[in-house]
Amino acid sequence: MTSKNSFLNMLKEDRKRRLWSIALSILANFFALPVFAALCMSIYDQRLVEGMTTLSDARDAFVNMVVSAGNIPVLLIAGGLALINGLNGMAYLHSRTKTDLYYGLPVKREVIFNAAYLNGILFFAIPYVIFMGATAGFGFARGYFLPTAILPVLFGILYVLIMYISMYTLVVLAGVISGNTIVSIFMSVLMMFYVPLCYLTVMGYSSTFFVNYYHMDNDSWRFLSPAMAYIWFTMKKIDNMVSIADPELLKLAVSAMIVMAVLAVLVYFLAVVLIKKRPAESATKAIAFRGLKPVIKILLMIVGTMLFALLMAEVSSGERFGWIVFGFIAGVVLIQAVCEIVFEFDFKACIKHPVSFIIGSIITAAAISVFLFDLYGYDSYIPNESEIRTSAVCCYNLQTGIEYSDIDSMLYLSPDEYRLKHMYLENAEDVTAIARSGVEFSDRIHADRLKFINRSDSVDEALEEDNFRQTSFVIAFRLKNGCTAYRSYYVDLSDPSLMKSVGNILETKEYKEGVFDVLDIKKEDMVQMHVTTGLGYKKLSLDDDEKEKFCDYYRLDLMEQDFDSMKNEYPICMVTATDTPKKNWMYEGHESRFFIYPSYKRCMEFLKDKDIEIEPDFSKISSVSISRYDEDNWYNADFSEREQINEILSLCVPSTFYYFNSGLNTDADEDIESLNISVYCDGDDYSDYTDGYVFATDSIPKYVTESMKKMD
Amino acid sequence: MIEAKSLSKSFGKIKAVDDVTLTIADGRVFGLIGTNGAGKSTFLRMAAGVLKPDKGSITVDGNPVFEEPDTKEEFFYISDEMYFFPNSTPDAMSAFFEKIYPHYDKERYKKLMNDFSLAGRRKINTFSKGMKKQLSIILGLSAMTKYMYCDETFDGLDPVMRQGVKSLFASDMAERGFTPVIASHNLRELEDICDTVGLLHQGGILLSEDLDEVKADIHKLHCVLPKETDMDAVRRCFEILVEDKKGSVYTFTIRGVEEEIMKKINDFEPLFAEMLPLSLEEIFISETGVTGYDIKKFIS
């Protein structure tokens, strides 16, 4: 019999033996695709009738969530079937009687293996493709799917199949390595999630023990395992609700596909090599290859013990170092015992193989020490200025109140996400000055390593001791070698030289372009405009030319603003521009904010020409309430006399404007700053829009403090 | 011809087969006998290409076995606990083997199923142990391979079935040079079917000879000697494997040629001396008793 004949025969015979796998796959794909599609369409039918969405949005949702890789039920069944088909296919290796039969046949081992392997792929792929086609057809018939959207569907099919094959091949390898089905399940889960677990462990240790740690989510977790790659893409599709035609997403997805496809190929060939070497007598044993046992044990010991020690450090207080040591000892002993007991299926084996136990313990201790004592200098790292191509800084206490979003994906972005991506500073000297200040602070914390074990507690204690007004800067160093290093620094801006460096940065065109997204705003996104002063808002109606003019004036005024203005002034009003209010039922519009300073002459004139009154009118205010919280008690005072109201409010600034650049306010009296000031208008508790207020002075009227009474 | 040369296999610290060299000639029934844990199943599994030997080699007609499908087409392996596909029927198993073995004879399968009164469409998981053994033999014979390895296959068969199978083997041997290799510790069954025996003990081979030659080489001597006979002198004359005395009657199991043994005992002027044939079981006990596997240890 030729090997091709024997392969085809084994393929057919294996299919006959695994009819239940085929039936399960068909059933699972049936529910995950056409049934799920019918459910989604019924929900969208209702939403369309109620006017909560548009047909265009419903079609987008159908493509993203049903007929592409954003389909969650398919993700779940793909993972489940990869496990079931992989274990089921390799089950013949786990039984002595089965291996006697199969290995006694005149058929090569890799032919038997390949037949089972290929069937495991076909059992999922064929029903999936067929039901996907049927679901797209179903959607087309109901008007939810247009043929123009076929490319995302095809891409999604390819993506899902590659991820399934990657996951499935890992499970197959687990089945080849082990000799017992239960152990195979554990090995499969381990292979699928070991690398992500390592990643989380490193992140956990870094965030706990490095003072200057900063994590930038760069989608790299899509490379950690096929399961992670699949989950990543599904979340992107659901979060972003964009077509795969989005170039950024397409690039990321393709790179994940390539990596996982290569992984699947490498793992497959490894499995083929191992199947030839696998001794038949290893059926029913935990691990088929004796040499792998210490490797598996050591790998488990490193991550498992590190996580356990970290858990002890996080949940304990006081002598944390002692708890870390306890966690380390308990971790290595437990994992040693569990591994040996499972390997030998014998409780008394728990103390066997001391050499691998010692090696694993040493490696684990070294790994923990690297983070505990920062042996590779994470916190003290500052690149040479000559190595820096550009950099970006983000301070949470500067230019606060700006909301960022990716209008295309309708995803809201945090300030650091936006600024670190869009800013390209070239003055490395000023940026590294901030970094040096931050490193000095972290050095003081690390001076007594064993005392300051936990990052957040250590920082809090140090800040209390130093008694400075904490400001944190996140810096992205884009290096000439193509890498980007991120750090988060605690700095004291009361240091004049540091404040000078910050001022130099804030005045640059690159900084302003990186922070103020309104500089790139399009006329189409300025649908509704208002002017806010802190005591309400007024509508601002502008035609397209006026919008363009306003934007030009704003750019000029902003670019001319110097650091003294930023430091000594507060914005006097805010112009907001909102885009299309209902792009779909989930999106309520993005608000762009133009903060106007008194020194913005062009903008002030423009608004004056439009009859916009910027000066606050306190005559509307009927009362002012001031409260503070102090040692478990609330203190409050109300003022309704006109003179008092005018005097108090003349010393205050609306909190949105006050905190816009609060990081520069190093001289502020924190006790005065912490007073809560609320204003009330005639007739109602709240006006259309009222902001809270903050005293912008270091001394307040005496009658204010004297009137504060403890509340019941 | 199946040849094993210095064949060894260990499982961890346990040496299952230790430096075994033997030859299984074509056209003769080879009985692989041995104590529990002697290595019979391990030897057969290496011969079937299921296990890879640690040392030495095993060939079939000069060709290696392990991972050689062409060589493996020459034999059919029936393990001690043969695996049948879940919920399958004899017909389904037959269809499976028909695809694997190039000379599989479906008609012969049907005839044998009829002769053994087994239903082809009945679920195998409803068969008794003996019926499963019958089925495995039927499938093996239908594969029409040159060799067949049977690991404790006869143990579950009733006496009538055993005879039936023996006659089938004899017929195939005569017609097509079929060579069965049967592993068993049920020596009474093997005695009247085997032409050649290989005796394994603790992984090693104790003997591998034609049964007639084995029997020709060991004899049981009953004798009654005069009271004044120097028994030590008697013992020095022979290679005594086992000695037993009941009353005045000595029973010796002696290795040697029958005529020479009789001549030597007559020198001692016995009152009574008679040579009796040994059964395979007695030969087995004698040979293994030499190595210390002594039945007297188990009998108080």
# chains A, B, ... in the order shown; residues from 1 in each chain; ligands from 1
>>> interface_residues(of="chain A", to="chain B", cutoff="6 Å", atoms="only C-alpha atoms", output="list in words")
Thr97, Lys98, Tyr103, Gly104, Pro106, Val107, Lys108 and Ala280 of chain A
>>> residues_around(residues="Ala637 (chain A)", least_positions_apart="5", cutoff="10 Å", atoms="only C-alpha atoms", output="ChimeraX atom specification")
/A:624-628,677,703-711
>>> write_last_selection(atoms="C-alpha atoms", output="mmCIF file, in the first residue's frame")
data_model
loop_
_atom_site.group_PDB
_atom_site.id
_atom_site.type_symbol
_atom_site.label_atom_id
_atom_site.label_comp_id
_atom_site.auth_asym_id
_atom_site.auth_seq_id
_atom_site.Cartn_x
_atom_site.Cartn_y
_atom_site.Cartn_z
ATOM 1 C CA VAL A 624 -22.906 80.478 47.582
ATOM 2 C CA SER A 625 -22.242 77.410 49.682
ATOM 3 C CA ILE A 626 -18.745 76.578 50.928
ATOM 4 C CA SER A 627 -17.880 73.253 52.563
ATOM 5 C CA ARG A 628 -14.873 71.212 53.556
ATOM 6 C CA ILE A 677 -17.636 76.141 46.523
ATOM 7 C CA TYR A 703 -15.901 85.775 57.626
ATOM 8 C CA VAL A 704 -15.672 82.703 55.407
ATOM 9 C CA THR A 705 -13.535 80.725 57.893
ATOM 10 C CA GLU A 706 -15.443 82.039 60.860
ATOM 11 C CA SER A 707 -18.788 81.009 59.376
ATOM 12 C CA MET A 708 -17.807 77.389 58.777
ATOM 13 C CA LYS A 709 -19.869 75.227 61.094
ATOM 14 C CA LYS A 710 -19.744 71.534 61.652
ATOM 15 C CA MET A 711 -22.673 69.788 59.981
#
>>> closest_residue(among="B:Asp244, B:Glu239, B:Asp230, B:Glu152", to="Ser184 (chain B)", atoms="only C-alpha atoms")
B:Glu152
>>> residues_around(residues="region 196-211 of chain B", least_positions_apart="4", cutoff="9 Å", atoms="only C-alpha atoms", output="PyMOL selection string")
chain B and resi 8-9+15-25+28-40+43+190-191+215-216+280+284+287-288+291+293
>>> atom_distance(atom1="CA of Ser497 (chain A)", atom2="CA of Lys480 (chain A)")
27.3 Å
>>> residues_around(residues="Leu479 (chain A)", least_positions_apart="3", cutoff="7 Å", atoms="only C-alpha atoms", output="PyMOL selection string")
chain A and resi 387-389+482-484
>>> write_last_selection(atoms="N, CA and C atoms", output="compact mmCIF listing (two decimals), in the first residue's frame")
# COMPACT_ATOMS: atom_id res chain seq x y z
N GLU A 387 20.96 59.81 22.18
CA GLU A 387 20.23 58.62 21.74
C GLU A 387 18.77 58.92 21.41
N ILE A 388 18.30 60.11 21.84
CA ILE A 388 16.88 60.41 21.73
C ILE A 388 16.58 61.07 20.39
N ARG A 389 15.62 60.49 19.70
CA ARG A 389 15.19 61.09 18.42
C ARG A 389 14.14 62.17 18.71
N GLY A 482 15.01 52.95 17.21
CA GLY A 482 13.66 52.50 16.87
C GLY A 482 12.82 52.10 18.06
N CYS A 483 13.48 51.94 19.22
CA CYS A 483 12.71 51.56 20.42
C CYS A 483 12.12 52.79 21.10
N THR A 484 11.12 52.57 21.90
CA THR A 484 10.53 53.65 22.69
C THR A 484 10.51 53.21 24.15
>>> select_by_dssp(residues="region 61-182 of chain B", states="strand (DSSP E or B)", output="VMD selection string")
chain B and resid 63 to 64 75 to 78 147 to 151 179 to 182
>>> write_last_selection(atoms="C-alpha atoms", output="compact mmCIF listing (two decimals), in the first residue's frame")
# COMPACT_ATOMS: atom_id res chain seq x y z
CA ASN B 63 14.08 -6.62 7.31
CA PRO B 64 13.85 -4.37 10.35
CA PHE B 75 2.43 -10.05 10.34
CA PHE B 76 -0.73 -9.50 12.32
CA TYR B 77 -0.40 -8.68 15.98
CA ILE B 78 -3.05 -9.71 18.50
CA TYR B 147 3.14 -14.41 10.60
CA MET B 148 0.73 -13.92 13.43
CA TYR B 149 1.67 -12.90 16.95
CA CYS B 150 -0.76 -14.05 19.59
CA ASP B 151 -0.24 -12.74 23.09
CA THR B 179 3.91 -19.08 11.11
CA PRO B 180 2.08 -18.35 14.35
CA VAL B 181 3.98 -17.11 17.37
CA ILE B 182 2.01 -17.80 20.50
>>> residues_around(residues="Gly56 (chain B)", least_positions_apart="6", cutoff="6 Å", atoms="only C-alpha atoms", output="mmCIF file with all heavy atoms, in the first residue's frame")
data_model
loop_
_atom_site.group_PDB
_atom_site.id
_atom_site.type_symbol
_atom_site.label_atom_id
_atom_site.label_comp_id
_atom_site.auth_asym_id
_atom_site.auth_seq_id
_atom_site.Cartn_x
_atom_site.Cartn_y
_atom_site.Cartn_z
ATOM 1 N N LYS B 5 18.328 -10.504 17.837
ATOM 2 C CA LYS B 5 19.741 -10.588 18.212
ATOM 3 C C LYS B 5 20.027 -9.621 19.341
ATOM 4 O O LYS B 5 19.861 -8.406 19.180
ATOM 5 C CB LYS B 5 20.620 -10.223 17.009
ATOM 6 C CG LYS B 5 20.677 -11.282 15.948
ATOM 7 C CD LYS B 5 21.608 -10.866 14.806
ATOM 8 C CE LYS B 5 21.567 -11.924 13.711
ATOM 9 N NZ LYS B 5 22.146 -11.473 12.456
ATOM 10 N N SER B 6 20.409 -10.162 20.444
ATOM 11 C CA SER B 6 20.805 -9.364 21.627
ATOM 12 C C SER B 6 19.761 -8.304 21.958
ATOM 13 O O SER B 6 20.076 -7.150 22.267
ATOM 14 C CB SER B 6 22.149 -8.675 21.375
ATOM 15 O OG SER B 6 23.133 -9.626 21.082
ATOM 16 N N LEU B 7 18.540 -8.698 21.876
ATOM 17 C CA LEU B 7 17.434 -7.766 22.057
ATOM 18 C C LEU B 7 17.261 -7.413 23.529
ATOM 19 O O LEU B 7 17.213 -8.287 24.385
ATOM 20 C CB LEU B 7 16.159 -8.424 21.534
ATOM 21 C CG LEU B 7 14.988 -7.531 21.182
ATOM 22 C CD1 LEU B 7 15.350 -6.624 20.031
ATOM 23 C CD2 LEU B 7 13.786 -8.393 20.796
#
>>> atom_distance(atom1="CA of Met10 (chain A)", atom2="CA of Thr99 (chain A)")
14.6 Å
>>> atom_distance(atom1="CA of Tyr164 (chain A)", atom2="CA of Leu146 (chain A)")
26.7 Å
>>> residues_around(residues="region 501-507 of chain A", least_positions_apart="6", cutoff="10 Å", atoms="only C-alpha atoms", output="ChimeraX atom specification")
/A:392-393,398,425-434,493,515,558-564,566-567,664
>>> select_by_dssp(residues="region 39-74 of chain B", states="helix (DSSP H, G or I)", output="MDAnalysis selection string")
chainID B and resid 40:47 69:72
>>> decode(residues="region 207-230 of chain B", atoms="N, CA and C atoms", output="compact mmCIF listing (two decimals), in the first residue's frame")
# COMPACT_ATOMS: atom_id res chain seq x y z
N LEU B 207 15.90 -21.08 27.06
CA LEU B 207 16.13 -22.03 25.98
C LEU B 207 15.24 -21.67 24.80
N SER B 208 15.70 -22.11 23.64
CA SER B 208 14.91 -21.93 22.42
C SER B 208 15.24 -23.10 21.51
N GLU B 209 14.34 -24.08 21.54
CA GLU B 209 14.63 -25.32 20.79
C GLU B 209 13.35 -25.92 20.30
N ASP B 210 13.51 -26.87 19.38
CA ASP B 210 12.35 -27.67 19.00
C ASP B 210 11.88 -28.43 20.22
N LEU B 211 10.57 -28.57 20.29
CA LEU B 211 10.00 -29.20 21.48
C LEU B 211 10.49 -30.64 21.63
N ASP B 212 10.59 -31.31 20.50
CA ASP B 212 11.06 -32.71 20.55
C ASP B 212 12.47 -32.78 21.11
N GLU B 213 13.27 -31.82 20.67
CA GLU B 213 14.66 -31.82 21.15
C GLU B 213 14.70 -31.49 22.64
N VAL B 214 13.82 -30.55 23.06
CA VAL B 214 13.79 -30.23 24.49
C VAL B 214 13.41 -31.47 25.28
N LYS B 215 12.39 -32.17 24.76
CA LYS B 215 11.93 -33.35 25.48
C LYS B 215 12.96 -34.46 25.44
N ALA B 216 13.73 -34.46 24.35
CA ALA B 216 14.75 -35.49 24.23
C ALA B 216 15.91 -35.22 25.18
N ASP B 217 15.99 -34.05 25.64
CA ASP B 217 17.14 -33.63 26.44
C ASP B 217 16.87 -33.71 27.94
N ILE B 218 15.62 -33.81 28.31
CA ILE B 218 15.27 -33.88 29.74
C ILE B 218 14.35 -35.08 29.95
N HIS B 219 14.64 -35.82 30.97
CA HIS B 219 13.85 -37.03 31.22
C HIS B 219 13.51 -37.13 32.68
N LYS B 220 12.40 -37.85 32.91
CA LYS B 220 12.01 -38.11 34.30
C LYS B 220 12.30 -39.58 34.59
N LEU B 221 13.07 -39.82 35.63
CA LEU B 221 13.46 -41.18 36.00
C LEU B 221 12.86 -41.55 37.35
N HIS B 222 12.00 -42.58 37.32
CA HIS B 222 11.53 -43.16 38.58
C HIS B 222 12.44 -44.35 38.91
N CYS B 223 12.93 -44.45 40.13
CA CYS B 223 13.74 -45.62 40.45
C CYS B 223 13.70 -45.93 41.93
N VAL B 224 13.94 -47.19 42.21
CA VAL B 224 14.09 -47.61 43.61
C VAL B 224 15.46 -48.24 43.72
N LEU B 225 16.27 -47.71 44.57
CA LEU B 225 17.66 -48.17 44.70
C LEU B 225 17.85 -48.95 45.99
N PRO B 226 18.82 -49.86 46.01
CA PRO B 226 19.07 -50.60 47.25
C PRO B 226 19.45 -49.66 48.37
N LYS B 227 19.18 -50.09 49.59
CA LYS B 227 19.37 -49.20 50.74
C LYS B 227 20.81 -48.76 50.88
N GLU B 228 21.74 -49.66 50.52
CA GLU B 228 23.14 -49.33 50.75
C GLU B 228 23.72 -48.46 49.64
N THR B 229 22.92 -48.09 48.68
CA THR B 229 23.44 -47.31 47.56
C THR B 229 23.95 -45.95 48.03
N ASP B 230 25.11 -45.58 47.51
CA ASP B 230 25.69 -44.27 47.81
C ASP B 230 24.96 -43.23 46.96
